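**Student:** I am sharing run_39.pdb, which consists of PDB, C-alpha atoms and all ligand atoms:
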```pdb
ATOM      1  CA  MET A   1    -140.400  46.508 -48.353
ATOM      2  CA  PHE A   2    -138.167  48.198 -50.966
ATOM      3  CA  ILE A   3    -137.055  44.761 -52.356
ATOM      4  CA  LYS A   4    -140.709  43.627 -52.611
ATOM      5  CA  LYS A   5    -141.610  46.744 -54.626
ATOM      6  CA  ARG A   6    -138.731  46.051 -57.029
ATOM      7  CA  TRP A   7    -139.994  42.519 -57.609
ATOM      8  CA  VAL A   8    -143.510  43.764 -58.333
ATOM      9  CA  PHE A   9    -142.096  46.317 -60.772
ATOM     10  CA  LEU A  10    -139.945  43.655 -62.492
ATOM     11  CA  LEU A  11    -142.897  41.279 -62.865
ATOM     12  CA  PHE A  12    -145.042  44.086 -64.239
ATOM     13  CA  ALA A  13    -142.312  45.005 -66.794
ATOM     14  CA  LEU A  14    -142.025  41.359 -67.892
ATOM     15  CA  PHE A  15    -145.785  41.178 -68.357
ATOM     16  CA  ILE A  16    -145.731  44.326 -70.535
ATOM     17  CA  LEU A  17    -142.851  42.858 -72.592
ATOM     18  CA  PHE A  18    -144.835  39.653 -73.038
ATOM     19  CA  LEU A  19    -147.845  41.651 -74.294
ATOM     20  CA  ILE A  20    -145.651  43.583 -76.752
ATOM     21  CA  LEU A  21    -144.165  40.330 -78.154
ATOM     22  CA  LEU A  22    -147.649  38.872 -78.506
ATOM     23  CA  TYR A  23    -148.706  41.935 -80.477
ATOM     24  CA  ILE A  24    -145.643  41.974 -82.780
ATOM     25  CA  LYS A  25    -145.656  38.255 -83.707
ATOM     26  CA  PRO A  26    -148.640  38.206 -86.086
ATOM     27  CA  PHE A  27    -147.213  41.189 -87.971
ATOM     28  CA  LYS A  28    -143.949  39.353 -88.492
ATOM     29  CA  LYS A  29    -145.800  36.354 -89.855
ATOM     30  CA  SER A  30    -148.238  38.221 -92.066
ATOM     31  CA  ASN A  31    -145.605  38.915 -94.771
ATOM     32  CA  VAL A  32    -145.566  35.289 -95.694
ATOM     33  CA  SER A  33    -148.736  33.837 -94.271
ATOM     34  CA  PHE A  34    -151.470  32.317 -96.357
ATOM     35  CA  ASN A  35    -154.772  33.271 -94.828
ATOM     36  CA  PHE A  36    -156.976  30.580 -96.250
ATOM     37  CA  ASN A  37    -160.189  32.189 -95.235
ATOM     38  CA  PRO A  38    -160.233  35.681 -96.666
ATOM     39  CA  MET A  39    -163.946  36.169 -96.059
ATOM     40  CA  HIS A  40    -163.464  35.936 -92.289
ATOM     41  CA  THR A  41    -161.103  37.690 -89.941
ATOM     42  CA  GLU A  42    -159.687  34.604 -88.258
ATOM     43  CA  ASP A  43    -157.258  32.289 -89.991
ATOM     44  CA  THR A  44    -158.938  28.879 -90.096
ATOM     45  CA  PHE A  45    -155.838  27.141 -91.286
ATOM     46  CA  SER A  46    -154.032  24.911 -88.812
ATOM     47  CA  LYS A  47    -151.243  26.419 -86.700
ATOM     48  CA  ASN A  48    -148.768  23.848 -87.999
ATOM     49  CA  ALA A  49    -149.436  24.666 -91.622
ATOM     50  CA  GLU A  50    -146.640  25.585 -93.953
ATOM     51  CA  PHE A  51    -146.721  29.289 -94.688
ATOM     52  CA  VAL A  52    -146.026  30.313 -98.249
ATOM     53  CA  ASP A  53    -145.147  33.601 -99.818
ATOM     54  CA  THR A  54    -148.267  34.721-101.673
ATOM     55  CA  LYS A  55    -146.706  37.706-103.453
ATOM     56  CA  GLY A  56    -147.986  37.887-107.030
ATOM     57  CA  THR A  57    -150.182  34.802-106.654
ATOM     58  CA  PHE A  58    -153.819  34.506-107.574
ATOM     59  CA  TYR A  59    -154.572  34.474-103.862
ATOM     60  CA  ASP A  60    -153.118  37.975-103.593
ATOM     61  CA  ALA A  61    -155.399  39.227-106.374
ATOM     62  CA  TYR A  62    -158.351  37.572-104.629
ATOM     63  CA  LYS A  63    -157.413  39.137-101.298
ATOM     64  CA  LYS A  64    -157.141  42.607-102.861
ATOM     65  CA  GLN A  65    -160.624  42.454-104.396
ATOM     66  CA  SER A  66    -162.909  45.001-102.771
ATOM     67  CA  LYS A  67    -165.556  46.316-105.176
ATOM     68  CA  TYR A  68    -167.893  43.398-105.853
ATOM     69  CA  VAL A  69    -167.980  40.136-103.913
ATOM     70  CA  SER A  70    -166.737  36.794-105.205
ATOM     71  CA  ARG A  71    -167.042  33.555-103.242
ATOM     72  CA  LYS A  72    -164.747  30.603-103.834
ATOM     73  CA  TRP A  73    -163.673  27.522-101.846
ATOM     74  CA  GLU A  74    -160.152  27.824-100.455
ATOM     75  CA  GLN A  75    -158.539  25.188-102.708
ATOM     76  CA  TYR A  76    -159.801  27.017-105.818
ATOM     77  CA  LEU A  77    -157.337  29.833-105.183
ATOM     78  CA  HIS A  78    -154.437  27.386-105.539
ATOM     79  CA  ILE A  79    -156.072  25.748-108.534
ATOM     80  CA  TYR A  80    -156.562  29.074-110.328
ATOM     81  CA  ASP A  81    -152.972  29.997-109.555
ATOM     82  CA  LYS A  82    -151.852  26.854-111.425
ATOM     83  CA  ALA A  83    -154.441  27.055-114.204
ATOM     84  CA  PHE A  84    -153.695  30.697-115.018
ATOM     85  CA  ALA A  85    -149.885  30.381-114.680
ATOM     86  CA  PRO A  86    -149.226  29.703-118.401
ATOM     87  CA  PHE A  87    -151.337  32.709-119.409
ATOM     88  CA  ILE A  88    -149.481  34.880-116.912
ATOM     89  CA  SER A  89    -146.079  33.687-118.136
ATOM     90  CA  TYR A  90    -146.986  34.206-121.837
ATOM     91  CA  ASN A  91    -148.167  37.679-120.828
ATOM     92  CA  LYS A  92    -150.419  38.092-123.880
ATOM     93  CA  PRO A  93    -154.006  39.347-123.571
ATOM     94  CA  VAL A  94    -156.584  36.547-123.281
ATOM     95  CA  THR A  95    -160.343  36.306-123.498
ATOM     96  CA  ALA A  96    -162.053  34.733-120.492
ATOM     97  CA  LEU A  97    -165.700  33.793-120.040
ATOM     98  CA  GLU A  98    -167.327  33.140-116.677
ATOM     99  CA  ILE A  99    -170.811  31.701-116.616
ATOM    100  CA  GLY A 100    -172.499  32.221-113.275
ATOM    101  CA  VAL A 101    -171.348  35.662-112.208
ATOM    102  CA  GLU A 102    -173.590  36.523-109.236
ATOM    103  CA  ASN A 103    -172.032  39.660-107.646
ATOM    104  CA  GLY A 104    -169.399  40.026-110.367
ATOM    105  CA  GLY A 105    -166.319  40.046-108.134
ATOM    106  CA  PHE A 106    -164.605  37.236-109.993
ATOM    107  CA  LEU A 107    -164.817  39.114-113.300
ATOM    108  CA  GLN A 108    -162.939  41.993-111.685
ATOM    109  CA  ILE A 109    -160.335  39.703-110.117
ATOM    110  CA  MET A 110    -159.643  38.079-113.499
ATOM    111  CA  SER A 111    -159.406  41.508-115.075
ATOM    112  CA  ASP A 112    -156.796  42.542-112.486
ATOM    113  CA  TYR A 113    -154.856  39.276-112.558
ATOM    114  CA  LEU A 114    -154.765  38.210-116.209
ATOM    115  CA  PRO A 115    -152.398  39.958-118.653
ATOM    116  CA  LYS A 116    -153.079  43.590-119.484
ATOM    117  CA  GLY A 117    -155.556  44.060-122.344
ATOM    118  CA  SER A 118    -157.498  40.852-121.572
ATOM    119  CA  GLN A 119    -161.219  40.762-122.323
ATOM    120  CA  ILE A 120    -163.436  39.410-119.560
ATOM    121  CA  ILE A 121    -166.980  38.268-120.365
ATOM    122  CA  GLY A 122    -169.711  37.188-117.949
ATOM    123  CA  LEU A 123    -173.048  35.460-118.480
ATOM    124  CA  ASP A 124    -175.693  35.087-115.775
ATOM    125  CA  ILE A 125    -179.353  34.119-115.834
ATOM    126  CA  ASP A 126    -180.176  36.554-113.002
ATOM    127  CA  GLU A 127    -181.417  39.870-114.379
ATOM    128  CA  ARG A 128    -180.255  41.697-111.236
ATOM    129  CA  CYS A 129    -176.689  41.241-112.563
ATOM    130  CA  ALA A 130    -177.534  43.900-115.174
ATOM    131  CA  ASN A 131    -177.130  46.466-112.357
ATOM    132  CA  LEU A 132    -173.429  45.661-111.989
ATOM    133  CA  HIS A 133    -171.050  48.224-113.485
ATOM    134  CA  PHE A 134    -167.614  47.363-114.777
ATOM    135  CA  ASP A 135    -164.628  48.820-116.622
ATOM    136  CA  ASN A 136    -164.752  48.679-120.425
ATOM    137  CA  ASN A 137    -162.791  45.428-120.747
ATOM    138  CA  ILE A 138    -165.503  43.553-118.798
ATOM    139  CA  LYS A 139    -168.786  42.784-120.551
ATOM    140  CA  LEU A 140    -171.780  41.124-118.979
ATOM    141  CA  PHE A 141    -174.670  39.356-120.711
ATOM    142  CA  ILE A 142    -177.910  38.152-119.199
ATOM    143  CA  GLY A 143    -179.240  34.766-120.230
ATOM    144  CA  ASP A 144    -179.352  31.025-119.660
ATOM    145  CA  ALA A 145    -176.016  29.349-120.408
ATOM    146  CA  THR A 146    -177.769  26.070-121.214
ATOM    147  CA  ASP A 147    -179.796  27.719-123.975
ATOM    148  CA  LYS A 148    -178.167  27.165-127.363
ATOM    149  CA  LYS A 149    -179.890  30.246-128.778
ATOM    150  CA  ILE A 150    -178.413  32.465-126.045
ATOM    151  CA  ILE A 151    -174.915  31.140-126.709
ATOM    152  CA  GLU A 152    -175.313  31.763-130.434
ATOM    153  CA  LYS A 153    -176.882  35.190-129.868
ATOM    154  CA  TYR A 154    -174.011  36.523-127.765
ATOM    155  CA  PHE A 155    -171.011  34.425-128.721
ATOM    156  CA  SER A 156    -171.484  33.358-132.347
ATOM    157  CA  ASN A 157    -168.239  35.039-133.444
ATOM    158  CA  MET A 158    -166.321  34.630-130.220
ATOM    159  CA  LYS A 159    -163.653  32.246-128.974
ATOM    160  CA  PHE A 160    -162.243  32.108-125.459
ATOM    161  CA  ASP A 161    -158.935  31.110-123.888
ATOM    162  CA  ILE A 162    -160.522  30.467-120.510
ATOM    163  CA  ILE A 163    -164.088  29.314-119.824
ATOM    164  CA  ILE A 164    -165.328  28.907-116.254
ATOM    165  CA  ASP A 165    -168.623  27.228-115.402
ATOM    166  CA  ASP A 166    -169.744  28.446-111.977
ATOM    167  CA  ALA A 167    -173.450  28.542-112.853
ATOM    168  CA  SER A 168    -176.254  26.233-111.699
ATOM    169  CA  HIS A 169    -174.089  23.176-110.800
ATOM    170  CA  ILE A 170    -176.997  20.994-111.921
ATOM    171  CA  ASN A 171    -175.320  17.952-113.445
ATOM    172  CA  SER A 172    -177.236  17.908-116.726
ATOM    173  CA  ASP A 173    -176.695  21.695-117.156
ATOM    174  CA  VAL A 174    -172.930  21.355-116.712
ATOM    175  CA  ILE A 175    -172.700  18.611-119.353
ATOM    176  CA  LYS A 176    -174.973  20.463-121.770
ATOM    177  CA  THR A 177    -173.021  23.712-121.367
ATOM    178  CA  PHE A 178    -169.703  21.909-121.812
ATOM    179  CA  LYS A 179    -170.890  20.356-125.090
ATOM    180  CA  GLU A 180    -172.060  23.767-126.286
ATOM    181  CA  LEU A 181    -169.105  25.860-125.151
ATOM    182  CA  PHE A 182    -166.068  23.587-125.506
ATOM    183  CA  PRO A 183    -166.034  24.222-129.293
ATOM    184  CA  LYS A 184    -165.769  27.928-128.422
ATOM    185  CA  LEU A 185    -162.521  27.358-126.529
ATOM    186  CA  ASN A 186    -159.362  28.377-128.389
ATOM    187  CA  TYR A 187    -156.594  25.841-128.920
ATOM    188  CA  GLY A 188    -154.350  26.030-125.871
ATOM    189  CA  GLY A 189    -157.316  27.125-123.731
ATOM    190  CA  VAL A 190    -158.751  25.718-120.501
ATOM    191  CA  TYR A 191    -162.338  24.847-119.578
ATOM    192  CA  ILE A 192    -162.856  24.967-115.819
ATOM    193  CA  VAL A 193    -165.869  23.461-114.064
ATOM    194  CA  GLU A 194    -166.356  24.472-110.435
ATOM    195  CA  ASP A 195    -168.223  22.752-107.617
ATOM    196  CA  THR A 196    -168.101  19.292-109.176
ATOM    197  CA  HIS A 197    -168.861  17.938-105.684
ATOM    198  CA  THR A 198    -172.534  18.453-106.569
ATOM    199  CA  SER A 199    -171.996  15.393-108.749
ATOM    200  CA  TYR A 200    -172.295  13.365-105.527
ATOM    201  CA  TRP A 201    -175.289  15.158-104.029
ATOM    202  CA  ASP A 202    -178.241  12.794-104.043
ATOM    203  CA  TRP A 203    -180.220  14.755-101.453
ATOM    204  CA  TYR A 204    -181.397  17.424-103.943
ATOM    205  CA  PRO A 205    -183.084  15.439-106.728
ATOM    206  CA  GLU A 206    -183.023  18.461-109.060
ATOM    207  CA  ILE A 207    -179.179  18.492-108.939
ATOM    208  CA  GLY A 208    -179.053  14.991-110.445
ATOM    209  CA  GLY A 209    -176.077  13.776-108.414
ATOM    210  CA  GLY A 210    -175.170  10.518-106.678
ATOM    211  CA  PHE A 211    -172.143   8.274-106.277
ATOM    212  CA  LYS A 212    -171.248   6.782-109.681
ATOM    213  CA  LYS A 213    -174.605   7.969-110.930
ATOM    214  CA  GLU A 214    -175.097   7.775-114.670
ATOM    215  CA  GLY A 215    -175.560  11.248-116.094
ATOM    216  CA  SER A 216    -173.602  12.962-113.324
ATOM    217  CA  MET A 217    -170.890  15.389-114.417
ATOM    218  CA  ILE A 218    -168.073  13.412-112.790
ATOM    219  CA  GLU A 219    -169.090  10.244-114.640
ATOM    220  CA  TYR A 220    -169.260  12.289-117.856
ATOM    221  CA  PHE A 221    -165.773  13.798-117.415
ATOM    222  CA  LYS A 222    -164.399  10.408-116.378
ATOM    223  CA  SER A 223    -165.782   8.952-119.596
ATOM    224  CA  LEU A 224    -163.841  11.564-121.584
ATOM    225  CA  ILE A 225    -160.569  10.036-120.359
ATOM    226  CA  ASP A 226    -161.235   7.381-123.000
ATOM    227  CA  SER A 227    -161.165  10.093-125.665
ATOM    228  CA  LEU A 228    -157.491  10.734-124.833
ATOM    229  CA  HIS A 229    -156.795   7.096-125.694
ATOM    230  CA  PHE A 230    -159.287   6.678-128.511
ATOM    231  CA  LEU A 231    -156.644   5.756-131.098
ATOM    232  CA  TYR A 232    -155.400   2.859-128.980
ATOM    233  CA  ILE A 233    -158.797   1.160-128.748
ATOM    234  CA  LYS A 234    -159.463  -1.610-131.254
ATOM    235  CA  ASP A 235    -162.909  -2.869-130.307
ATOM    236  CA  PHE A 236    -165.639  -0.939-128.537
ATOM    237  CA  PRO A 237    -168.215  -2.778-126.450
ATOM    238  CA  SER A 238    -171.626  -3.053-128.090
ATOM    239  CA  SER A 239    -173.089  -1.249-125.052
ATOM    240  CA  LEU A 240    -171.388   1.981-126.211
ATOM    241  CA  SER A 241    -173.630   3.973-128.553
ATOM    242  CA  ALA A 242    -172.415   5.180-131.948
ATOM    243  CA  ASP A 243    -172.926   8.761-130.707
ATOM    244  CA  LYS A 244    -170.657   8.206-127.704
ATOM    245  CA  ILE A 245    -167.957   6.614-129.887
ATOM    246  CA  ASN A 246    -168.188   9.585-132.240
ATOM    247  CA  GLU A 247    -167.943  12.008-129.334
ATOM    248  CA  LEU A 248    -164.805  10.259-128.043
ATOM    249  CA  LYS A 249    -163.316  10.304-131.536
ATOM    250  CA  ASN A 250    -163.903  14.040-131.966
ATOM    251  CA  TYR A 251    -162.602  14.924-128.514
ATOM    252  CA  ASN A 252    -159.498  12.850-129.248
ATOM    253  CA  GLN A 253    -158.351  15.624-131.573
ATOM    254  CA  GLU A 254    -159.137  18.368-129.089
ATOM    255  CA  ILE A 255    -158.667  17.309-125.461
ATOM    256  CA  ALA A 256    -155.082  17.449-124.239
ATOM    257  CA  SER A 257    -155.755  16.703-120.585
ATOM    258  CA  ILE A 258    -158.466  16.308-117.980
ATOM    259  CA  THR A 259    -157.462  17.233-114.433
ATOM    260  CA  PHE A 260    -159.568  16.312-111.433
ATOM    261  CA  TYR A 261    -159.198  18.311-108.241
ATOM    262  CA  ASP A 262    -161.360  18.355-105.119
ATOM    263  CA  SER A 263    -164.512  19.981-106.583
ATOM    264  CA  VAL A 264    -162.942  21.286-109.806
ATOM    265  CA  VAL A 265    -162.395  19.671-113.214
ATOM    266  CA  ILE A 266    -160.167  21.316-115.830
ATOM    267  CA  VAL A 267    -160.250  20.227-119.459
ATOM    268  CA  GLU A 268    -157.337  21.558-121.495
ATOM    269  CA  LYS A 269    -157.480  21.887-125.269
ATOM    270  CA  TYR A 270    -154.495  20.928-127.383
ATOM    271  CA  TYR A 271    -152.389  23.814-128.561
ATOM    272  CA  ASN A 272    -152.782  22.440-132.109
ATOM    273  CA  LYS A 273    -155.558  20.196-133.331
ATOM    274  CA  LYS A 274    -154.291  16.610-133.217
ATOM    275  CA  GLU A 275    -154.933  15.265-136.706
ATOM    276  CA  ARG A 276    -152.791  12.147-136.511
ATOM    277  CA  ARG A 277    -151.460   9.655-134.018
ATOM    278  CA  PHE A 278    -148.567  10.869-131.923
ATOM    279  CA  LYS A 279    -145.254   9.664-133.259
ATOM    280  CA  ASN A 280    -142.851   7.493-131.348
ATOM    281  CA  TYR A 281    -139.582   9.414-131.131
ATOM    282  CA  TYR A 282    -136.227   7.673-130.890
ATOM    283  CA  THR A 283    -132.965   9.380-130.136
ATOM    284  CA  LYS A 284    -129.865   8.542-132.109
ATOM    285  CA  GLY A 285    -127.532   6.000-130.471
ATOM    286  CA  GLU A 286    -127.074   2.350-129.772
ATOM    287  CA  ALA A 287    -129.930   0.189-128.427
ATOM    288  CA  LEU A 288    -128.713  -2.848-126.528
ATOM    289  CA  ILE A 289    -132.182  -3.894-125.486
ATOM    290  CA  GLU A 290    -134.919  -4.622-127.968
ATOM    291  CA  SER A 291    -138.416  -3.801-126.783
ATOM    292  CA  ARG A 292    -140.777  -6.776-126.872
ATOM    293  CA  PHE A 293    -143.280  -4.618-128.728
ATOM    294  CA  ARG A 294    -140.753  -2.809-130.848
ATOM    295  CA  LYS A 295    -141.861  -1.699-134.274
ATOM    296  CA  PRO A 296    -139.627   0.255-136.640
ATOM    297  CA  PRO A 297    -139.290   3.765-135.200
ATOM    298  CA  ASP A 298    -141.725   6.305-136.601
ATOM    299  CA  ILE A 299    -139.230   9.079-136.560
ATOM    300  CA  GLU A 300    -135.781   9.853-135.327
ATOM    301  CA  CYS A 301    -135.726  12.720-132.862
ATOM    302  CA  THR A 302    -132.871  14.840-134.079
ATOM    303  CA  LYS A 303    -132.486  18.570-134.080
ATOM    304  CA  ASP A 304    -133.754  18.627-137.678
ATOM    305  CA  SER A 305    -137.075  16.895-136.887
ATOM    306  CA  LYS A 306    -140.160  19.042-137.081
ATOM    307  CA  PHE A 307    -141.510  19.511-133.587
ATOM    308  CA  GLU A 308    -145.130  20.551-133.269
ATOM    309  CA  LYS A 309    -146.403  22.128-130.067
ATOM    310  CA  TYR A 310    -149.396  20.351-128.584
ATOM    311  CA  TYR A 311    -149.340  21.423-124.961
ATOM    312  CA  ARG A 312    -149.252  24.793-123.315
TER     313      ARG A 312
HETATM  314  C1  LIG B   1    -172.258  30.216-107.352
HETATM  315  S1  LIG B   1    -172.962  31.658-108.057
HETATM  316  C2  LIG B   1    -171.577  32.362-108.897
HETATM  317  C3  LIG B   1    -170.529  32.899-107.999
HETATM  318  C4  LIG B   1    -169.494  33.750-108.706
HETATM  319  N1  LIG B   1    -168.910  33.072-109.825
HETATM  320  C5  LIG B   1    -168.411  34.144-107.751
HETATM  321  O1  LIG B   1    -167.218  33.933-108.029
HETATM  322  O2  LIG B   1    -168.695  34.709-106.707
HETATM  323  C6  LIG B   1    -173.965  30.983-109.323
HETATM  324  C7  LIG B   1    -174.543  31.966-110.298
HETATM  325  O3  LIG B   1    -174.970  31.221-111.436
HETATM  326  C8  LIG B   1    -176.125  31.797-111.983
HETATM  327  N2  LIG B   1    -176.808  30.780-112.816
HETATM  328  C9  LIG B   1    -177.541  29.720-112.400
HETATM  329  N3  LIG B   1    -178.006  29.028-113.448
HETATM  330  C10 LIG B   1    -177.547  29.660-114.548
HETATM  331  C11 LIG B   1    -177.697  29.429-115.941
HETATM  332  N4  LIG B   1    -178.402  28.397-116.399
HETATM  333  N5  LIG B   1    -177.108  30.279-116.808
HETATM  334  C12 LIG B   1    -176.381  31.341-116.356
HETATM  335  N6  LIG B   1    -176.206  31.601-115.050
HETATM  336  C13 LIG B   1    -176.779  30.781-114.155
HETATM  337  C14 LIG B   1    -176.899  32.257-110.754
HETATM  338  O4  LIG B   1    -177.821  33.275-111.103
HETATM  339  C15 LIG B   1    -175.786  32.710-109.825
HETATM  340  O5  LIG B   1    -175.591  34.103-109.940
END
```
Mind converting the file's structure to structure tokens?
Ligand SMILES: C[S@@+](CC[C@H](N)C(=O)[O-])C[C@H]1O[C@@H](n2cnc3c(N)ncnc32)[C@H](O)[C@@H]1O
**Tutor:**
Amino acid sequence: MFIKKRWVFLLFALFILFLILLYIKPFKKSNVSFNFNPMHTEDTFSKNAEFVDTKGTFYDAYKKQSKYVSRKWEQYLHIYDKAFAPFISYNKPVTALEIGVENGGFLQIMSDYLPKGSQIIGLDIDERCANLHFDNNIKLFIGDATDKKIIEKYFSNMKFDIIIDDASHINSDVIKTFKELFPKLNYGGVYIVEDTHTSYWDWYPEIGGGFKKEGSMIEYFKSLIDSLHFLYIKDFPSSLSADKINELKNYNQEIASITFYDSVVIVEKYYNKKERRFKNYYTKGEALIESRFRKPPDIECTKDSKFEKYYR
């Protein structure tokens, strides 16, 4: 009888120990875990996922946000971490514009995350946004981002280092706004378009999306890849309008890169306006192999050569 009691006690103690270990484990993990779904209590990420240290990342700033709501897809938090990294490492105040503000949470997150002294501007068509209250470095305007007059009214003397379009996601609006606002981006700045998946939505006719649909934002941004290579094109097809050729030519001096992510496009402006073809640099030294297409070198890359900065 006595032996039986001991066994019951031992089993009970083991069960309690098991419960304690179960309770402690998530705490151990939480230092380094990446909860991909901050809006919900449960972690929707797979159990086998690689956990990363989020200290100091954009995700951390997003997780800390508590005053006004922001809603973003999980991959955007990684994308913003990368896109903002140069501004964080330069540690100089920047000016950021978000169009499509809704509850205003993202303005506050940018204010917390970007270097001290940064100016954060929001523009939303919804008049209810006027009831949001922010610190002095955050300003909010009410108006339609696709309206040229509104842009001129509020931003005629302004330039931005970061522009984010999270507004209507209607394809024609996104393209129109980009054409209007990209000139307001500083050299070295980034223009970020969110929710580019609506480019493929053909079930809401007003969105204007569809796979490879002419006039969709993805097709538009794809077409701008040609602007990067404008100076290497000899003959343009007659199907390309003079306006489009001109647009590609102008963007050739401005667009440093176009990055496509799942649902986000980022267009980066050169750090300096590109007013000439890039030079072909050669180091000093012996060349045993002649390139088939070799022309006389443009410039020798020595420590005395002038080196202009074009990329952040
Ligand atoms: C997806 S919500 C923005 C979410 C917000 N950026 C966030 O992080 O939580 C879209 C917002 O865009 C605004 N919007 C829609 N069309 C607009 C336009 N043409 N100009 C300015 N804002 C617009 C809507 O009123 C809405 O508040």
**Student:** Asn157 (chain A): which residues within 12 Å, counting all atoms listed in the file, same-chain residues fewer than 4 positions away excluded, as a PyMOL selection string?
**Tutor:** chain A and resi 151-153+183-185
**Student:** With all atoms listed in the file as the counted atoms, please give the residues lying no more than 10 Å from Phe84 (chain A), apart from itself and same-chain residues fewer than 3 positions off, as a PyMOL selection string.
**Tutor:** chain A and resi 57-58+79-81+87-89+110+113-114+162+190
**Student:** Can you check which parts of chain A lie within 7 Å of ligand LIG 1 (chain B)? Per residue, the shortest pair of atoms and distance in Å to one decimal, counting all atoms listed in the file, sorted by chain and number, as a Markdown table.
**Tutor:**
```
| residue | atom | partner | partner_atom | distance |
| --- | --- | --- | --- | --- |
| A:Val69 | CA | B:LIG1 | O2 | 6.1 |
| A:Ser70 | CA | B:LIG1 | O2 | 3.2 |
| A:Arg71 | CA | B:LIG1 | O2 | 4.0 |
| A:Lys72 | CA | B:LIG1 | O1 | 5.9 |
| A:Ile99 | CA | B:LIG1 | C12 | 5.6 |
| A:Gly100 | CA | B:LIG1 | O3 | 3.2 |
| A:Val101 | CA | B:LIG1 | N1 | 4.3 |
| A:Glu102 | CA | B:LIG1 | O5 | 3.2 |
| A:Asn103 | CA | B:LIG1 | O2 | 6.0 |
| A:Gly104 | CA | B:LIG1 | C4 | 6.5 |
| A:Gly105 | CA | B:LIG1 | O2 | 6.0 |
| A:Phe106 | CA | B:LIG1 | O1 | 4.6 |
| A:Leu123 | CA | B:LIG1 | C12 | 5.7 |
| A:Asp124 | CA | B:LIG1 | N6 | 3.6 |
| A:Ile125 | CA | B:LIG1 | C12 | 4.1 |
| A:Asp126 | CA | B:LIG1 | O4 | 4.5 |
| A:Gly143 | CA | B:LIG1 | C12 | 5.9 |
| A:Asp144 | CA | B:LIG1 | N5 | 3.7 |
| A:Ala145 | CA | B:LIG1 | N5 | 3.9 |
| A:Thr146 | CA | B:LIG1 | N4 | 5.4 |
| A:Asp166 | CA | B:LIG1 | N1 | 5.2 |
| A:Ala167 | CA | B:LIG1 | O3 | 3.4 |
| A:Ser168 | CA | B:LIG1 | N3 | 3.7 |
| A:Asp173 | CA | B:LIG1 | N4 | 7.0 |
```
**Student:** Tell me which of A:Lys92, A:Tyr154, A:Lys279, A:His133 sits closest to Lys116 (chain A), counting only C-alpha atoms.
**Tutor:**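 Looking only at the distances to Lys116 (chain A), the closest residue turns out to be A:Lys92.
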**Student:** Counting all atoms listed in the file, which residues sit no farther than 12 Å from the position (-161.1, 31.0, -124.4) in the file's frame? I'd like them as a PyMOL selection string.
**Tutor:** chain A and resi 84+87+93-98+118-121+155+158-164+181-192+267-269
**Student:** From the structure just shown, export region 256-267 of chain A with N, CA and C atoms as a PDB file, in the first residue's frame.
**Tutor:**
```pdb
ATOM      1  N   ALA A 256      17.273  54.786 -59.941  1.00  0.00           N
ATOM      2  CA  ALA A 256      18.471  53.980 -59.695  1.00  0.00           C
ATOM      3  C   ALA A 256      18.131  52.499 -59.666  1.00  0.00           C
ATOM      4  N   SER A 257      16.958  52.175 -59.143  1.00  0.00           N
ATOM      5  CA  SER A 257      16.566  50.763 -59.078  1.00  0.00           C
ATOM      6  C   SER A 257      15.060  50.645 -58.913  1.00  0.00           C
ATOM      7  N   ILE A 258      14.558  49.492 -59.344  1.00  0.00           N
ATOM      8  CA  ILE A 258      13.140  49.164 -59.131  1.00  0.00           C
ATOM      9  C   ILE A 258      13.138  47.763 -58.527  1.00  0.00           C
ATOM     10  N   THR A 259      12.604  47.649 -57.326  1.00  0.00           N
ATOM     11  CA  THR A 259      12.620  46.347 -56.633  1.00  0.00           C
ATOM     12  C   THR A 259      11.194  45.842 -56.496  1.00  0.00           C
ATOM     13  N   PHE A 260      10.990  44.614 -56.923  1.00  0.00           N
ATOM     14  CA  PHE A 260       9.665  44.000 -56.823  1.00  0.00           C
ATOM     15  C   PHE A 260       9.662  42.962 -55.698  1.00  0.00           C
ATOM     16  N   TYR A 261       8.789  43.159 -54.755  1.00  0.00           N
ATOM     17  CA  TYR A 261       8.569  42.163 -53.700  1.00  0.00           C
ATOM     18  C   TYR A 261       7.150  41.616 -53.870  1.00  0.00           C
ATOM     19  N   ASP A 262       6.802  40.631 -53.046  1.00  0.00           N
ATOM     20  CA  ASP A 262       5.403  40.183 -53.013  1.00  0.00           C
ATOM     21  C   ASP A 262       4.566  41.351 -52.483  1.00  0.00           C
ATOM     22  N   SER A 263       3.823  41.996 -53.383  1.00  0.00           N
ATOM     23  CA  SER A 263       2.865  43.060 -53.041  1.00  0.00           C
ATOM     24  C   SER A 263       3.465  44.440 -52.753  1.00  0.00           C
ATOM     25  N   VAL A 264       4.751  44.602 -52.956  1.00  0.00           N
ATOM     26  CA  VAL A 264       5.367  45.927 -52.751  1.00  0.00           C
ATOM     27  C   VAL A 264       6.350  46.201 -53.894  1.00  0.00           C
ATOM     28  N   VAL A 265       6.323  47.431 -54.404  1.00  0.00           N
ATOM     29  CA  VAL A 265       7.341  47.865 -55.372  1.00  0.00           C
ATOM     30  C   VAL A 265       8.066  49.060 -54.759  1.00  0.00           C
ATOM     31  N   ILE A 266       9.398  49.055 -54.857  1.00  0.00           N
ATOM     32  CA  ILE A 266      10.178  50.197 -54.361  1.00  0.00           C
ATOM     33  C   ILE A 266      11.012  50.769 -55.506  1.00  0.00           C
ATOM     34  N   VAL A 267      10.813  52.064 -55.756  1.00  0.00           N
ATOM     35  CA  VAL A 267      11.596  52.745 -56.782  1.00  0.00           C
ATOM     36  C   VAL A 267      12.562  53.672 -56.052  1.00  0.00           C
TER      37      VAL A 267
END
```
